Amino acid sequence: MNVRQVRSKRQYALIYTLVLIPFLYFLYILIIPLGTSAYYSLTKWKGVGDPKFIGLKNYITLVHDSNFWLVTKNTVILSLLCVLGQVGIALIIAFLMTIRRLKWKSFHRAVIFFPVVMAPIVVGYVWRFIYNSNYGLLNMFLNAIGKSSWIKNWLDDHDIVLRMVSIPVIWQYIGLYMILLMSGISAIPTEVFECAEIDGATGLKKSLYITLPLIWDTLKICIILCASGTMKIYDHLVALTNGGPGKASSSLALYCYDYTFKFGNFGMGAAIAVVILLLAVGISLLVQLLMGRKEA
Amino acid sequence: MINRIKRFIADFFINVPILLLSISCIFPVVWLLYSSLKTDQEFAVSPVALPSRLHFENYADAFGRAKFSVFFFNSVFNSLVSLVLVLIISFVLGYILSRYRFPGRNLIYMILMAGIMIPVYALIVPIFIQFKGIGLLNSRFTLIPVYVAFELPTSVFLIDGYLKGISVDLEEAATIDGAGMWRIMFSIMMPVCRPIMMTVVILTFMHVWNEFPFAQVMINDELLKTIPIGLTYFTSQYMTQYTLLLAALSMATIPVLVVYLFFHNKVMEGMMAGAVKG
């Protein structure tokens, strides 16, 4: 362990000052709001005056609110689509990246990761250009390949809008999970692969029976990150549809914003924030439970 | 012969899908950049054709109109100040937590790392209320403390991890030579930590530059808004002037793109650390 001794009382004092000032500040910004959030969710408060304690009333209102269930459903569906799309595609690519005959690996790695660093809001707007019904690239492309019958108002159709908005989100974050899974794979000792090859495991078999179990923990982390991360999806939706048409592509975070800052109902906003937190934690636990602990 | 054909087909099926995905990842960005240099007429005729002549007017126009220069300045200001603060605070915190063991150290470290797992966006409402209470909404320094606090866990985690791999010999020698803690931290260890500090810088820059929800909620003043907020403003006002909007989107992307082109390995490294630490 590379640890040093504290030499004097003065040094102790200095250490505590230097650690406690930023730490208290951190507590104030990040940890305390966690508690106050729970408190405000139990009050009726319009943002001015004193919050009035009303118990679980906000939550009861939510349970009877059909819009709340709709946006919750939307959020959960988006989460599922993102896990399947992001982690699923990333896993396939990570496997393909292990193949020796794949060319330009570092180019692919760098390029596929790039969207991750773009602003989600910019991604949303760029995809709005792609989806646009008049001059959009997607419709132009469909025209060019002679499938003009497939042309649609991609973001105005109740039935498909949710799937449509999930595509940019999936597209943006494939790279992140690809890199995570690739680093998981690169941590496997090469002898394991060599032994497997000697025993005759190749290609798909090697990926499924050797690599997959050995990166199981990484995969689990990816799924947890992705599912709980999508719970708070907001920026993309603001740029793409602003939750519309109606509430067809709205998410919990968007609903929380509306309640708090459009309707000025801070108590309800806090209650929805708590729901987002609980869902994120709940999903993490569920994934832990479902995927078990397979020790590598 | 059959084998060679088989091999060719296999190569094809391995290389082509990934190539297509790569192209799909790079194309929207390239399209954004060159389309922002077209005129509206050109864009209306064909959204994908290359510009006949490079029209930088869109940039000048976007910069001048809709206060984009103000948004740009605010984003740069927020990013730079946050960077300096994150760099100093996380280094001091990371260094001490990594090198010294004192009562309470483990608890502080644990809470700090737990901060990584909090989905910060669920905190918008309470943080808004808290800041409203102390009257810190709508000022030039509203967002910076929030951003700095968000970056601390990852940064401390990275610096702590880096220092674990560096022997204390240098510091012990410096102490014997009479150097105090400040000297050791800033003149000796900070240069040693340069590679990881670079990662922290890039990561912080990316996050702050791109951050949207907090900037949207906590700032009302037109003159203090940042680029991501400016974009929403821009789209509602100039939605029909496509190339102008594309120029604005490009301006939001180019700084990140440049940083990425130079440091993509560090960016990936940092993002990975940020993702896995939980």
# chains A, B, ... in the order shown; residues from 1 in each chain; ligands from 1
call {"tool": "residues_around", "arguments": {"residues": "Cys222 of chain A", "least_positions_apart": "5", "cutoff": "8 Å", "atoms": "only C-alpha atoms", "output": "NGL selection string"}}
result
:A and (87 or 177 or 180-181)
call {"tool": "write_last_selection", "arguments": {"atoms": "C-alpha atoms", "output": "mmCIF file, in the first residue's frame"}}
result
data_model
loop_
_atom_site.group_PDB
_atom_site.id
_atom_site.type_symbol
_atom_site.label_atom_id
_atom_site.label_comp_id
_atom_site.auth_asym_id
_atom_site.auth_seq_id
_atom_site.Cartn_x
_atom_site.Cartn_y
_atom_site.Cartn_z
ATOM 1 C CA VAL A 87 -26.070 -3.656 -24.774
ATOM 2 C CA TYR A 177 -21.109 -0.371 -23.813
ATOM 3 C CA LEU A 180 -16.909 -1.533 -21.521
ATOM 4 C CA LEU A 181 -17.461 -5.026 -22.899
#
call {"tool": "residues_around", "arguments": {"residues": "segment 74-79 of chain A", "least_positions_apart": "6", "cutoff": "9 Å", "atoms": "only C-alpha atoms", "output": "number ranges by chain"}}
result
A: 162-163, 165-166, 226-233, 248-253
call {"tool": "closest_residue", "arguments": {"among": "A:Ala119, A:Met182, A:Leu289, A:Leu204", "to": "Pro255 of chain B", "atoms": "only C-alpha atoms"}}
result
A:Ala119
call {"tool": "atom_distance", "arguments": {"atom1": "atom CA of Ser90 of chain B", "atom2": "atom CA of Val3 of chain A"}}
result
18.1 Å
call {"tool": "closest_atom_pairs", "arguments": {"of": "chain A", "to": "chain B", "cutoff": "6 Å", "atoms": "only C-alpha atoms", "output": "CSV"}}
result
residue,atom,partner,partner_atom,distance
A:Asn2,CA,B:Ser167,CA,5.7
A:Val3,CA,B:Arg99,CA,4.6
A:Arg4,CA,B:Arg99,CA,5.5
A:Val19,CA,B:Leu93,CA,5.8
A:Phe26,CA,B:Ala149,CA,5.5
A:Pro33,CA,B:Pro126,CA,5.1
A:Ser37,CA,B:Pro126,CA,5.2
A:Leu102,CA,B:Asn15,CA,5.7
A:His108,CA,B:Ser22,CA,5.9
A:Val111,CA,B:Ser22,CA,5.9
A:Ile112,CA,B:Ser22,CA,5.5
A:Ala119,CA,B:Asn210,CA,4.6
A:Ala273,CA,B:Ala122,CA,5.0
call {"tool": "closest_residue", "arguments": {"among": "A:Ile210, A:Ala270, A:Val48, A:Leu286", "to": "Glu197 of chain A", "atoms": "only C-alpha atoms"}}
result
A:Ile210
call {"tool": "closest_residue", "arguments": {"among": "A:Lys152, A:Thr98, A:His64, A:Thr72", "to": "Ala280 of chain A", "atoms": "only C-alpha atoms"}}
result
A:Thr72
call {"tool": "atom_distance", "arguments": {"atom1": "atom CA of Tyr162 of chain B", "atom2": "atom CA of Lys220 of chain A"}}
result
25.4 Å
